[in-house]
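A.B. asks: Sending over final-v2.txt (compact mmCIF, C-alpha atoms).
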# COMPACT_ATOMS: atom_id res chain seq x y z
CA MET A 866 70.16 81.03 137.32
CA LYS A 867 66.72 79.37 137.73
CA LEU A 868 63.72 81.38 136.58
CA THR A 869 59.99 80.65 136.78
CA ARG A 870 58.18 80.18 133.48
CA ARG A 871 56.51 83.57 133.94
CA LYS A 872 59.81 85.29 134.62
CA LEU A 873 61.36 83.64 131.56
CA GLU A 874 58.54 85.00 129.44
CA ILE A 875 58.99 88.50 130.88
CA VAL A 876 62.71 88.38 130.23
CA ALA A 877 62.32 87.13 126.63
CA THR A 878 59.76 89.83 125.81
CA ALA A 879 61.95 92.48 127.42
CA ALA A 880 64.98 91.36 125.38
CA LYS A 881 62.94 91.77 122.17
CA LEU A 882 61.77 95.24 123.20
CA PHE A 883 65.17 96.44 124.44
CA ARG A 884 66.72 95.26 121.22
CA LYS A 885 64.15 96.98 119.03
CA LYS A 886 63.96 100.34 120.80
CA GLY A 887 67.07 100.45 123.00
CA TYR A 888 67.01 99.87 126.77
CA ASN A 889 66.57 103.55 127.68
CA ALA A 890 63.52 104.02 125.46
CA VAL A 891 61.56 101.11 126.99
CA SER A 892 59.48 101.67 130.14
CA MET A 893 58.06 99.06 132.52
CA ARG A 894 54.67 100.23 131.21
CA ASP A 895 55.71 99.36 127.62
CA LEU A 896 56.85 95.96 128.83
CA ALA A 897 53.59 95.28 130.70
CA GLN A 898 51.67 96.29 127.57
CA ALA A 899 53.70 93.94 125.37
CA LEU A 900 52.99 91.12 127.86
CA GLU A 901 49.31 92.11 128.00
CA ILE A 902 49.36 92.38 131.80
CA LYS A 903 49.00 95.31 134.21
CA ALA A 904 52.17 97.17 135.26
CA ALA A 905 51.30 96.40 138.91
CA SER A 906 51.28 92.67 138.27
CA LEU A 907 54.60 92.93 136.41
CA TYR A 908 56.10 94.12 139.72
CA ASN A 909 54.97 90.86 141.35
CA HIS A 910 57.65 89.12 139.32
CA ILE A 911 60.33 91.73 138.77
CA ASN A 912 61.65 94.63 140.86
CA SER A 913 62.96 96.91 138.15
CA LYS A 914 63.94 97.30 134.51
CA GLN A 915 67.57 97.07 135.60
CA GLU A 916 66.96 93.69 137.22
CA ILE A 917 65.65 92.40 133.88
CA LEU A 918 68.64 93.81 131.97
CA GLY A 919 70.95 92.09 134.47
CA ILE A 920 69.21 88.74 134.01
CA ILE A 921 69.35 89.00 130.20
CA ILE A 922 72.99 90.02 129.95
CA LEU A 923 74.51 87.91 132.71
CA ASP A 924 72.82 84.79 131.36
CA VAL A 925 74.52 85.29 127.98
CA ALA A 926 77.82 86.27 129.60
CA GLU A 927 77.70 83.08 131.72
CA ASN A 928 77.14 81.01 128.59
CA PHE A 929 80.31 82.46 127.06
CA THR A 930 82.25 82.06 130.31
CA GLN A 931 81.27 78.41 130.79
CA HIS A 932 82.25 77.53 127.26
CA MET A 933 85.60 79.30 127.51
CA ASN A 934 86.32 77.64 130.88
CA SER A 935 85.64 74.22 129.41
CA VAL A 936 87.54 74.65 126.12
CA SER A 937 90.60 76.65 127.17
CA PRO A 938 92.30 73.96 129.34
CA GLU A 939 91.52 71.13 126.89
CA ASN A 940 94.37 69.12 125.44
CA ILE A 941 93.69 70.06 121.81
CA SER A 942 95.39 72.36 119.28
CA SER A 943 94.86 76.13 119.44
CA ILE A 944 93.14 75.97 116.07
CA LYS A 945 90.61 73.44 117.41
CA LYS A 946 90.05 75.70 120.42
CA LEU A 947 89.42 78.74 118.19
CA GLU A 948 87.04 76.67 116.03
CA SER A 949 85.14 75.73 119.16
CA VAL A 950 85.00 79.38 120.27
CA ILE A 951 83.66 80.42 116.84
CA GLU A 952 81.08 77.61 116.97
CA ASN A 953 79.92 78.71 120.42
CA HIS A 954 79.54 82.34 119.31
CA ILE A 955 77.42 81.17 116.37
CA GLN A 956 75.28 78.95 118.59
CA ILE A 957 74.56 81.78 121.04
CA THR A 958 73.97 84.16 118.10
CA ILE A 959 71.30 81.78 116.76
CA GLU A 960 69.71 80.70 120.05
CA LYS A 961 69.84 83.99 121.93
CA THR A 962 69.83 86.64 119.19
CA ASP A 963 67.84 89.25 121.14
CA ALA A 964 69.72 88.76 124.39
CA LEU A 965 73.08 88.97 122.62
CA ALA A 966 72.03 92.21 120.92
CA CYS A 967 71.05 93.60 124.37
CA LEU A 968 74.45 92.63 125.74
CA ASN A 969 76.20 94.41 122.88
CA ASN A 970 74.04 97.52 122.90
CA ASP A 971 73.18 98.02 126.55
CA TRP A 972 75.78 96.42 128.84
CA MET A 973 76.82 99.92 129.98
CA HIS A 974 73.37 100.39 131.54
CA LEU A 975 73.83 97.52 134.03
CA GLU A 976 73.76 98.51 137.70
CA LYS A 977 76.97 98.54 139.66
CA LEU A 978 77.24 94.93 140.88
CA ASP A 979 75.95 93.43 137.64
CA LEU A 980 78.27 95.71 135.67
CA GLU A 981 81.31 94.65 137.71
CA ASN A 982 80.34 91.01 137.31
CA TYR A 983 79.85 91.41 133.55
CA LEU A 984 83.12 93.29 133.03
CA MET A 985 85.02 90.69 135.03
CA MET A 986 83.59 87.91 132.87
CA ARG A 987 84.33 89.83 129.67
CA ASN A 988 87.91 90.60 130.69
CA THR A 989 88.55 87.00 131.71
CA TYR A 990 87.06 85.76 128.46
CA GLU A 991 89.30 88.03 126.39
CA ALA A 992 92.37 87.09 128.44
CA LYS A 993 91.75 83.37 127.90
CA MET A 994 91.12 83.81 124.20
CA ARG A 995 94.29 85.89 123.99
CA ASN A 996 96.17 82.98 125.63
CA ILE A 997 94.83 80.55 123.06
CA ILE A 998 96.09 82.82 120.25
CA GLU A 999 99.45 83.29 121.98
CA GLN A 1000 99.91 79.55 122.42
CA GLY A 1001 98.92 78.98 118.79
CA ILE A 1002 101.66 81.37 117.68
CA GLN A 1003 104.24 79.81 120.03
CA GLN A 1004 103.39 76.34 118.74
CA LYS A 1005 103.64 77.60 115.16
CA GLU A 1006 100.03 76.74 114.38
CA LEU A 1007 99.20 80.41 113.83
CA GLN A 1008 101.05 83.15 111.94
CA GLU A 1009 103.27 85.45 113.96
CA ARG A 1010 101.07 88.53 114.37
CA ASN A 1011 100.07 91.28 116.77
CA ILE A 1012 98.05 89.17 119.23
CA ASP A 1013 95.72 91.98 120.33
CA LEU A 1014 94.87 92.78 116.74
CA VAL A 1015 94.12 89.12 115.95
CA LEU A 1016 91.89 88.98 119.04
CA PHE A 1017 90.14 92.17 117.95
CA SER A 1018 89.71 90.96 114.35
CA LEU A 1019 88.02 87.76 115.53
CA LEU A 1020 85.83 89.26 118.26
CA SER A 1021 84.70 92.33 116.30
CA THR A 1022 83.11 90.02 113.73
CA LEU A 1023 81.82 87.35 116.13
CA ARG A 1024 80.25 89.90 118.50
CA THR A 1025 78.29 91.66 115.76
CA LEU A 1026 77.31 88.54 113.82
CA HIS A 1027 73.80 88.85 115.34
CA LEU A 1028 73.28 91.90 113.08
CA TRP A 1029 73.98 89.85 109.97
CA TYR A 1030 72.09 86.83 111.25
CA SER A 1031 68.86 88.76 111.98
CA LYS A 1032 68.64 89.59 108.27
CA ASN A 1033 69.67 86.10 107.11
CA LYS A 1034 67.84 83.71 109.44
CA GLU A 1035 67.38 81.14 106.69
CA VAL A 1036 71.09 80.22 106.79
CA SER A 1037 71.85 76.87 108.47
CA PRO A 1038 74.02 76.83 111.62
CA GLN A 1039 76.32 74.35 109.89
CA LEU A 1040 76.90 76.60 106.87
CA LEU A 1041 77.37 79.63 109.09
CA PHE A 1042 79.96 77.75 111.14
CA GLU A 1043 81.87 76.47 108.09
CA GLU A 1044 81.95 79.86 106.38
CA MET A 1045 82.92 81.82 109.49
CA LYS A 1046 85.64 79.33 110.40
CA GLN A 1047 87.05 79.72 106.89
CA ASN A 1048 86.74 83.53 106.75
CA LEU A 1049 88.20 84.12 110.21
CA LEU A 1050 90.90 81.46 110.40
CA HIS A 1051 91.86 80.63 106.81
CA GLY A 1052 91.19 83.99 105.13
CA ILE A 1053 89.40 84.57 101.86
CA ILE A 1054 92.24 84.34 99.34
CA ARG A 1055 92.41 81.25 97.13
CA MET B 1255 82.35 120.78 101.63
CA LYS B 1256 84.24 123.99 102.43
CA LEU B 1257 84.19 125.12 106.04
CA THR B 1258 85.58 128.24 107.69
CA ARG B 1259 88.38 127.71 110.21
CA ARG B 1260 85.97 128.53 113.04
CA LYS B 1261 83.38 126.04 111.78
CA LEU B 1262 86.07 123.36 111.44
CA GLU B 1263 87.03 123.93 115.06
CA ILE B 1264 83.40 123.70 116.18
CA VAL B 1265 82.91 120.49 114.23
CA ALA B 1266 86.10 118.87 115.58
CA THR B 1267 85.21 119.73 119.18
CA ALA B 1268 81.65 118.47 118.65
CA ALA B 1269 82.93 115.16 117.24
CA LYS B 1270 85.07 114.67 120.36
CA LEU B 1271 82.12 115.44 122.66
CA PHE B 1272 79.58 113.33 120.73
CA ARG B 1273 81.99 110.45 120.75
CA LYS B 1274 82.65 110.70 124.47
CA LYS B 1275 79.09 111.20 125.72
CA GLY B 1276 76.90 110.15 122.79
CA TYR B 1277 75.10 112.62 120.51
CA ASN B 1278 71.87 112.72 122.55
CA ALA B 1279 73.64 113.58 125.80
CA VAL B 1280 75.46 116.64 124.40
CA SER B 1281 73.71 120.03 124.32
CA MET B 1282 74.65 123.14 122.33
CA ARG B 1283 75.40 124.65 125.75
CA ASP B 1284 77.94 121.86 126.46
CA LEU B 1285 79.51 122.48 123.08
CA ALA B 1286 79.76 126.24 123.63
CA GLN B 1287 81.35 125.55 127.02
CA ALA B 1288 83.94 123.18 125.51
CA LEU B 1289 84.77 125.85 122.92
CA GLU B 1290 84.90 128.53 125.63
CA ILE B 1291 82.44 130.75 123.79
CA LYS B 1292 78.87 131.87 124.51
CA ALA B 1293 76.00 129.70 123.26
CA ALA B 1294 74.64 132.73 121.38
CA SER B 1295 77.87 133.20 119.44
CA LEU B 1296 77.89 129.46 118.59
CA TYR B 1297 74.63 130.08 116.72
CA ASN B 1298 76.43 132.66 114.54
CA HIS B 1299 78.26 129.75 112.96
CA ILE B 1300 75.91 126.79 113.24
CA ASN B 1301 72.11 126.46 113.13
CA SER B 1302 71.64 123.30 115.17
CA LYS B 1303 73.24 120.24 116.73
CA GLN B 1304 71.83 118.19 113.86
CA GLU B 1305 73.59 120.39 111.31
CA ILE B 1306 76.90 119.62 113.05
CA LEU B 1307 76.20 115.88 113.12
CA GLY B 1308 75.40 116.03 109.40
CA ILE B 1309 78.69 117.79 108.62
CA ILE B 1310 80.71 115.30 110.69
CA ILE B 1311 79.14 112.15 109.28
CA LEU B 1312 78.69 113.15 105.65
CA ASP B 1313 82.32 114.29 105.44
CA VAL B 1314 83.51 110.81 106.49
CA ALA B 1315 80.93 109.08 104.29
CA GLU B 1316 82.11 111.15 101.31
CA ASN B 1317 85.70 110.12 102.00
CA PHE B 1318 84.69 106.46 101.81
CA THR B 1319 82.55 107.07 98.72
CA GLN B 1320 85.29 108.91 96.82
CA HIS B 1321 87.80 106.18 97.53
CA MET B 1322 85.43 103.41 96.48
CA ASN B 1323 84.51 105.28 93.30
CA SER B 1324 88.16 105.65 92.38
CA VAL B 1325 89.29 102.10 93.23
CA SER B 1326 86.35 99.97 92.08
CA PRO B 1327 86.66 100.60 88.28
CA GLU B 1328 90.47 100.31 88.29
CA ASN B 1329 92.10 97.70 86.13
CA ILE B 1330 93.75 95.79 88.98
CA SER B 1331 93.04 92.45 90.71
CA SER B 1332 90.22 92.13 93.25
CA ILE B 1333 92.80 91.40 95.92
CA LYS B 1334 94.58 94.69 95.17
CA LYS B 1335 91.23 96.48 95.34
CA LEU B 1336 90.41 94.94 98.72
CA GLU B 1337 93.88 95.85 100.00
CA SER B 1338 93.24 99.43 98.92
CA VAL B 1339 89.83 99.42 100.67
CA ILE B 1340 91.45 98.13 103.88
CA GLU B 1341 94.18 100.77 103.63
CA ASN B 1342 91.60 103.53 103.21
CA HIS B 1343 89.60 102.34 106.25
CA ILE B 1344 92.79 102.41 108.30
CA GLN B 1345 93.73 105.87 107.06
CA ILE B 1346 90.29 107.30 107.95
CA THR B 1347 90.40 105.45 111.29
CA ILE B 1348 93.68 107.15 112.10
CA GLU B 1349 92.98 110.62 110.68
CA LYS B 1350 89.31 110.96 111.64
CA THR B 1351 88.93 108.72 114.69
CA ASP B 1352 86.31 110.86 116.46
CA ALA B 1353 84.25 111.53 113.33
CA LEU B 1354 84.28 107.84 112.39
CA ALA B 1355 83.10 106.89 115.88
CA CYS B 1356 80.24 109.44 115.52
CA LEU B 1357 79.29 107.92 112.19
CA ASN B 1358 79.17 104.43 113.73
CA ASN B 1359 77.36 105.41 116.92
CA ASP B 1360 75.03 108.19 115.83
CA TRP B 1361 74.21 107.97 112.11
CA MET B 1362 70.60 107.12 113.03
CA HIS B 1363 70.22 110.59 114.57
CA LEU B 1364 70.79 112.40 111.25
CA GLU B 1365 67.88 114.47 110.00
CA LYS B 1366 65.84 113.23 107.07
CA LEU B 1367 67.80 114.54 104.06
CA ASP B 1368 71.20 113.87 105.60
CA LEU B 1369 70.02 110.40 106.65
CA GLU B 1370 68.84 109.56 103.13
CA ASN B 1371 72.08 110.87 101.69
CA TYR B 1372 74.14 108.84 104.19
CA LEU B 1373 72.17 105.62 103.66
CA MET B 1374 72.44 105.97 99.90
CA MET B 1375 76.22 106.36 100.17
CA ARG B 1376 76.47 103.41 102.57
CA ASN B 1377 74.34 101.14 100.37
CA THR B 1378 76.30 102.07 97.25
CA TYR B 1379 79.58 101.48 99.09
CA GLU B 1380 78.50 98.03 100.21
CA ALA B 1381 77.19 97.14 96.74
CA LYS B 1382 80.50 98.10 95.13
CA MET B 1383 82.53 96.21 97.71
CA ARG B 1384 80.23 93.22 97.19
CA ASN B 1385 80.98 93.42 93.44
CA ILE B 1386 84.73 93.40 94.09
CA ILE B 1387 84.34 90.23 96.19
CA GLU B 1388 82.06 88.63 93.59
CA GLN B 1389 84.53 89.36 90.79
CA GLY B 1390 87.37 88.00 92.90
CA ILE B 1391 85.48 84.72 93.32
CA GLN B 1392 84.61 84.54 89.60
CA GLN B 1393 88.22 85.16 88.65
CA LYS B 1394 89.34 82.50 91.15
CA GLU B 1395 91.42 84.96 93.17
CA LEU B 1396 89.17 84.46 96.22
CA GLN B 1397 87.73 81.30 97.77
CA GLU B 1398 84.19 80.36 96.81
CA ARG B 1399 82.17 81.60 99.79
CA ASN B 1400 78.92 83.23 100.81
CA ILE B 1401 79.60 86.75 99.44
CA ASP B 1402 77.41 88.58 101.98
CA LEU B 1403 79.16 86.85 104.84
CA VAL B 1404 82.61 87.73 103.47
CA LEU B 1405 81.47 91.35 103.10
CA PHE B 1406 80.16 91.32 106.67
CA SER B 1407 83.33 89.71 108.05
CA LEU B 1408 85.50 92.39 106.48
CA LEU B 1409 83.31 95.41 107.27
CA SER B 1410 82.46 94.40 110.86
CA THR B 1411 86.16 94.53 111.71
CA LEU B 1412 87.08 97.57 109.60
CA ARG B 1413 84.15 99.66 110.86
CA THR B 1414 84.97 99.08 114.53
CA LEU B 1415 88.74 99.33 114.23
CA HIS B 1416 88.52 102.85 115.71
CA LEU B 1417 87.68 101.20 119.07
CA TRP B 1418 90.90 99.21 119.01
CA TYR B 1419 92.92 102.10 117.60
CA SER B 1420 91.87 104.57 120.34
CA LYS B 1421 93.50 102.26 122.89
CA ASN B 1422 96.57 101.55 120.74
CA LYS B 1423 97.49 104.88 119.16
CA GLU B 1424 101.21 104.12 119.28
CA VAL B 1425 100.88 101.55 116.47
CA SER B 1426 102.23 102.73 113.09
CA PRO B 1427 99.81 103.02 110.14
CA GLN B 1428 102.10 100.75 108.14
CA LEU B 1429 102.05 97.95 110.75
CA LEU B 1430 98.30 98.31 111.18
CA PHE B 1431 97.83 98.00 107.42
CA GLU B 1432 100.12 94.98 107.08
CA GLU B 1433 98.54 93.11 110.01
CA MET B 1434 94.94 93.86 109.02
CA LYS B 1435 95.58 92.89 105.41
CA GLN B 1436 97.00 89.58 106.62
CA ASN B 1437 94.27 88.92 109.20
CA LEU B 1438 91.37 89.79 106.91
CA LEU B 1439 92.59 88.43 103.58
CA HIS B 1440 95.09 85.69 104.36
CA GLY B 1441 93.72 84.42 107.68
CA ILE B 1442 95.69 83.66 110.80
CA ILE B 1443 96.61 80.01 110.30
CA ARG B 1444 100.22 79.21 109.45
Once more with this new file: its structure as structure tokens, please.

C.D. replies:
Amino acid sequence: MKLTRRKLEIVATAAKLFRKKGYNAVSMRDLAQALEIKAASLYNHINSKQEILGIIILDVAENFTQHMNSVSPENISSIKKLESVIENHIQITIEKTDALACLNNDWMHLEKLDLENYLMMRNTYEAKMRNIIEQGIQQKELQERNIDLVLFSLLSTLRTLHLWYSKNKEVSPQLLFEEMKQNLLHGIIR
Amino acid sequence: MKLTRRKLEIVATAAKLFRKKGYNAVSMRDLAQALEIKAASLYNHINSKQEILGIIILDVAENFTQHMNSVSPENISSIKKLESVIENHIQITIEKTDALACLNNDWMHLEKLDLENYLMMRNTYEAKMRNIIEQGIQQKELQERNIDLVLFSLLSTLRTLHLWYSKNKEVSPQLLFEEMKQNLLHGIIR
């Protein structure tokens, strides 16, 4: 998705506002005010609040999709694949904190086509990650467990990491990656 | 908190509705309708929607608080304490699924005193769980890690388990406990 510099600025400001107040509580007027432009001139760049939400969320969803599509067919161990998935979640958490929070909080407010597109990407992502876990168990790299519950345990933490990260922005990406990889894959017991 | 049978019924129905539609989208009229009574007679039992939300959320929060207060000073290993914490989260997830979902989704809509009470309980809970992890690291039962990130990794999964459980209600509490204990404490690698 190619955006003009102006549109990028609008989208970034909107993501901050949506995150802070929730999508429903933000009006186009609030957004224009935050950008210090007139509401009328905002409509020169953007048709609706829903269009902005779609741009924010689908951009993040495409990031996840592209990474999963590139890592899942690779000829590496399941553990290496899961490490790469964890690393990608952390990278997006750090680089697109506001947008990721919007995705988590407000995906249900997408309009029909965007919503279908988003849900398809999310379902495909989960199915591919499920396959990685399943293969890891088959190849005896991973413990024999309830696959859905392993998938849920990993994703529930990775998807909400932005909440922790917003309060701990001083942490280095490298430390965050090492610690999360250990916590999620190796456990916490000595 | 002692409630009459009628009030218990009102609260349980409200928790279901709040969970399904979100607290803000449910009116006292909707609630009366779901209970098949008149709105006026609902007010014989309950003063406001906020009173109901307070009852729902503080009851669950008190369950967590009581368990943490009983387990944290016990003379057992940190690992045993964490296992007990996980078991309690699972028990509340199973027994109070709707109320727990309300707590997670709508705690920010509590009125002032209830909100302060809730936040105090939540902060104390997290501080005590943090202490258990810290002691476990000091006593070399747990890996040396970033304590806050371990706390977050555990709670992010435990607090959202109700989402997974609502779609997988056929799973036995015992299996859920065994798998979650393994996933969260021992990791998934073989």

A.B. asks: Report the distance between CA of Glu976 (chain A) and CA of Tyr908 (chain A) in Å, rounded to one decimal place.

C.D. replies: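 Separating CA of Glu976 (chain A) from CA of Tyr908 (chain A) is a distance of 18.3 Å.
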
A.B. asks: Can you give me chain B superposed onto chain A, least-squares on all Cα in order, written as a compact mmCIF listing (two decimals) with C-alpha atoms, in the coordinates of the input?

C.D. replies:
# COMPACT_ATOMS: atom_id res chain seq x y z
CA MET B 1255 70.14 81.02 137.30
CA LYS B 1256 66.73 79.38 137.72
CA LEU B 1257 63.73 81.39 136.56
CA THR B 1258 60.02 80.66 136.78
CA ARG B 1259 58.19 80.19 133.48
CA ARG B 1260 56.52 83.58 133.94
CA LYS B 1261 59.84 85.32 134.61
CA LEU B 1262 61.37 83.65 131.55
CA GLU B 1263 58.54 85.01 129.44
CA ILE B 1264 58.99 88.50 130.88
CA VAL B 1265 62.72 88.38 130.22
CA ALA B 1266 62.32 87.13 126.63
CA THR B 1267 59.76 89.83 125.81
CA ALA B 1268 61.96 92.48 127.43
CA ALA B 1269 64.98 91.37 125.38
CA LYS B 1270 62.94 91.76 122.18
CA LEU B 1271 61.76 95.24 123.21
CA PHE B 1272 65.18 96.45 124.43
CA ARG B 1273 66.72 95.25 121.22
CA LYS B 1274 64.15 96.98 119.05
CA LYS B 1275 63.96 100.34 120.82
CA GLY B 1276 67.07 100.44 123.01
CA TYR B 1277 67.02 99.87 126.78
CA ASN B 1278 66.58 103.55 127.70
CA ALA B 1279 63.53 104.01 125.48
CA VAL B 1280 61.56 101.11 127.00
CA SER B 1281 59.48 101.65 130.15
CA MET B 1282 58.06 99.04 132.53
CA ARG B 1283 54.68 100.24 131.23
CA ASP B 1284 55.71 99.35 127.64
CA LEU B 1285 56.84 95.95 128.85
CA ALA B 1286 53.59 95.28 130.71
CA GLN B 1287 51.68 96.30 127.58
CA ALA B 1288 53.70 93.92 125.38
CA LEU B 1289 53.00 91.13 127.87
CA GLU B 1290 49.31 92.10 128.02
CA ILE B 1291 49.36 92.37 131.80
CA LYS B 1292 49.02 95.28 134.23
CA ALA B 1293 52.16 97.16 135.26
CA ALA B 1294 51.33 96.39 138.90
CA SER B 1295 51.28 92.64 138.28
CA LEU B 1296 54.62 92.92 136.42
CA TYR B 1297 56.12 94.12 139.72
CA ASN B 1298 54.98 90.85 141.36
CA HIS B 1299 57.65 89.13 139.32
CA ILE B 1300 60.35 91.73 138.76
CA ASN B 1301 61.66 94.62 140.87
CA SER B 1302 62.98 96.91 138.15
CA LYS B 1303 63.96 97.32 134.52
CA GLN B 1304 67.59 97.07 135.60
CA GLU B 1305 66.97 93.70 137.22
CA ILE B 1306 65.66 92.41 133.88
CA LEU B 1307 68.64 93.80 131.97
CA GLY B 1308 70.95 92.10 134.47
CA ILE B 1309 69.21 88.74 134.00
CA ILE B 1310 69.35 89.01 130.20
CA ILE B 1311 72.99 90.02 129.94
CA LEU B 1312 74.51 87.93 132.71
CA ASP B 1313 72.82 84.79 131.36
CA VAL B 1314 74.53 85.28 127.97
CA ALA B 1315 77.83 86.27 129.59
CA GLU B 1316 77.71 83.10 131.71
CA ASN B 1317 77.15 81.02 128.59
CA PHE B 1318 80.31 82.47 127.05
CA THR B 1319 82.24 82.07 130.30
CA GLN B 1320 81.25 78.42 130.79
CA HIS B 1321 82.25 77.54 127.26
CA MET B 1322 85.60 79.30 127.52
CA ASN B 1323 86.31 77.65 130.87
CA SER B 1324 85.62 74.23 129.40
CA VAL B 1325 87.52 74.66 126.11
CA SER B 1326 90.59 76.65 127.16
CA PRO B 1327 92.29 73.95 129.34
CA GLU B 1328 91.51 71.13 126.89
CA ASN B 1329 94.35 69.13 125.45
CA ILE B 1330 93.68 70.04 121.81
CA SER B 1331 95.37 72.36 119.29
CA SER B 1332 94.84 76.13 119.45
CA ILE B 1333 93.14 75.96 116.08
CA LYS B 1334 90.62 73.44 117.42
CA LYS B 1335 90.03 75.70 120.42
CA LEU B 1336 89.41 78.73 118.20
CA GLU B 1337 87.05 76.68 116.03
CA SER B 1338 85.13 75.72 119.16
CA VAL B 1339 84.99 79.39 120.28
CA ILE B 1340 83.64 80.40 116.85
CA GLU B 1341 81.07 77.60 116.97
CA ASN B 1342 79.89 78.71 120.41
CA HIS B 1343 79.52 82.35 119.29
CA ILE B 1344 77.41 81.16 116.37
CA GLN B 1345 75.27 78.94 118.57
CA ILE B 1346 74.55 81.79 121.03
CA THR B 1347 73.95 84.15 118.09
CA ILE B 1348 71.31 81.79 116.76
CA GLU B 1349 69.70 80.69 120.04
CA LYS B 1350 69.83 84.00 121.93
CA THR B 1351 69.82 86.64 119.20
CA ASP B 1352 67.83 89.25 121.14
CA ALA B 1353 69.72 88.76 124.41
CA LEU B 1354 73.08 88.96 122.62
CA ALA B 1355 72.03 92.20 120.92
CA CYS B 1356 71.06 93.60 124.37
CA LEU B 1357 74.44 92.61 125.74
CA ASN B 1358 76.21 94.40 122.88
CA ASN B 1359 74.04 97.52 122.89
CA ASP B 1360 73.19 98.02 126.55
CA TRP B 1361 75.78 96.41 128.84
CA MET B 1362 76.83 99.90 129.99
CA HIS B 1363 73.37 100.38 131.53
CA LEU B 1364 73.82 97.52 134.03
CA GLU B 1365 73.75 98.52 137.68
CA LYS B 1366 76.97 98.54 139.66
CA LEU B 1367 77.25 94.93 140.87
CA ASP B 1368 75.95 93.43 137.63
CA LEU B 1369 78.27 95.72 135.66
CA GLU B 1370 81.31 94.65 137.68
CA ASN B 1371 80.33 91.02 137.31
CA TYR B 1372 79.84 91.42 133.54
CA LEU B 1373 83.12 93.30 133.02
CA MET B 1374 85.02 90.71 135.03
CA MET B 1375 83.58 87.92 132.88
CA ARG B 1376 84.33 89.84 129.67
CA ASN B 1377 87.92 90.60 130.70
CA THR B 1378 88.55 87.00 131.73
CA TYR B 1379 87.05 85.76 128.46
CA GLU B 1380 89.29 88.02 126.40
CA ALA B 1381 92.37 87.08 128.45
CA LYS B 1382 91.73 83.37 127.90
CA MET B 1383 91.10 83.82 124.20
CA ARG B 1384 94.29 85.90 124.00
CA ASN B 1385 96.17 82.99 125.64
CA ILE B 1386 94.82 80.54 123.05
CA ILE B 1387 96.08 82.81 120.25
CA GLU B 1388 99.44 83.30 121.98
CA GLN B 1389 99.90 79.55 122.42
CA GLY B 1390 98.94 78.98 118.80
CA ILE B 1391 101.68 81.38 117.70
CA GLN B 1392 104.25 79.81 120.04
CA GLN B 1393 103.40 76.35 118.77
CA LYS B 1394 103.65 77.60 115.17
CA GLU B 1395 100.03 76.73 114.39
CA LEU B 1396 99.19 80.41 113.83
CA GLN B 1397 101.05 83.14 111.95
CA GLU B 1398 103.26 85.45 113.98
CA ARG B 1399 101.07 88.54 114.38
CA ASN B 1400 100.08 91.28 116.78
CA ILE B 1401 98.04 89.16 119.25
CA ASP B 1402 95.71 91.98 120.35
CA LEU B 1403 94.87 92.78 116.76
CA VAL B 1404 94.11 89.13 115.96
CA LEU B 1405 91.87 88.98 119.04
CA PHE B 1406 90.12 92.17 117.94
CA SER B 1407 89.69 90.96 114.35
CA LEU B 1408 88.02 87.77 115.52
CA LEU B 1409 85.83 89.26 118.26
CA SER B 1410 84.68 92.32 116.28
CA THR B 1411 83.11 90.00 113.71
CA LEU B 1412 81.81 87.35 116.12
CA ARG B 1413 80.24 89.90 118.49
CA THR B 1414 78.29 91.65 115.73
CA LEU B 1415 77.29 88.54 113.80
CA HIS B 1416 73.79 88.85 115.32
CA LEU B 1417 73.27 91.91 113.05
CA TRP B 1418 73.97 89.86 109.95
CA TYR B 1419 72.08 86.83 111.25
CA SER B 1420 68.85 88.77 111.96
CA LYS B 1421 68.67 89.59 108.25
CA ASN B 1422 69.68 86.10 107.11
CA LYS B 1423 67.85 83.71 109.42
CA GLU B 1424 67.38 81.12 106.68
CA VAL B 1425 71.09 80.21 106.77
CA SER B 1426 71.85 76.85 108.45
CA PRO B 1427 74.02 76.82 111.61
CA GLN B 1428 76.33 74.35 109.90
CA LEU B 1429 76.92 76.60 106.85
CA LEU B 1430 77.37 79.63 109.08
CA PHE B 1431 79.97 77.75 111.13
CA GLU B 1432 81.87 76.46 108.10
CA GLU B 1433 81.96 79.86 106.36
CA MET B 1434 82.92 81.83 109.48
CA LYS B 1435 85.64 79.34 110.39
CA GLN B 1436 87.06 79.72 106.89
CA ASN B 1437 86.75 83.52 106.76
CA LEU B 1438 88.20 84.13 110.21
CA LEU B 1439 90.90 81.46 110.39
CA HIS B 1440 91.86 80.63 106.82
CA GLY B 1441 91.22 83.98 105.13
CA ILE B 1442 89.42 84.56 101.86
CA ILE B 1443 92.26 84.35 99.34
CA ARG B 1444 92.42 81.26 97.15

A.B. asks: I'd like the interatomic distance between CA of Ala1269 (chain B) and CA of Ala1353 (chain B), to a tenth of an Å.

C.D. replies: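 Rounded to one decimal, the two atoms are 5.5 Å apart.
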
A.B. asks: Please measure the separation of CA of Asp979 (chain A) and CA of Ile911 (chain A), giving the value in Å to one decimal.

C.D. replies: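 If I compute the distance from CA of Asp979 (chain A) to CA of Ile911 (chain A), I get 15.8 Å.
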
A.B. asks: Which residues, written as JSON, numbers by chain, have at least one atom at most 7 Å from Leu1312 (chain B), with all atoms listed in the file counted and residues fewer than 4 positions away on the same chain left out?

C.D. replies: {"B": [1308, 1316, 1372]}

A.B. asks: Would you save the residues from that selection as a PDB file, in the frame of the given file, using C-alpha atoms?

C.D. replies:
ATOM      1  CA  GLY B1308      75.400 116.030 109.400  1.00  0.00           C
ATOM      2  CA  GLU B1316      82.110 111.150 101.310  1.00  0.00           C
ATOM      3  CA  TYR B1372      74.140 108.840 104.190  1.00  0.00           C
TER       4      TYR B1372
END
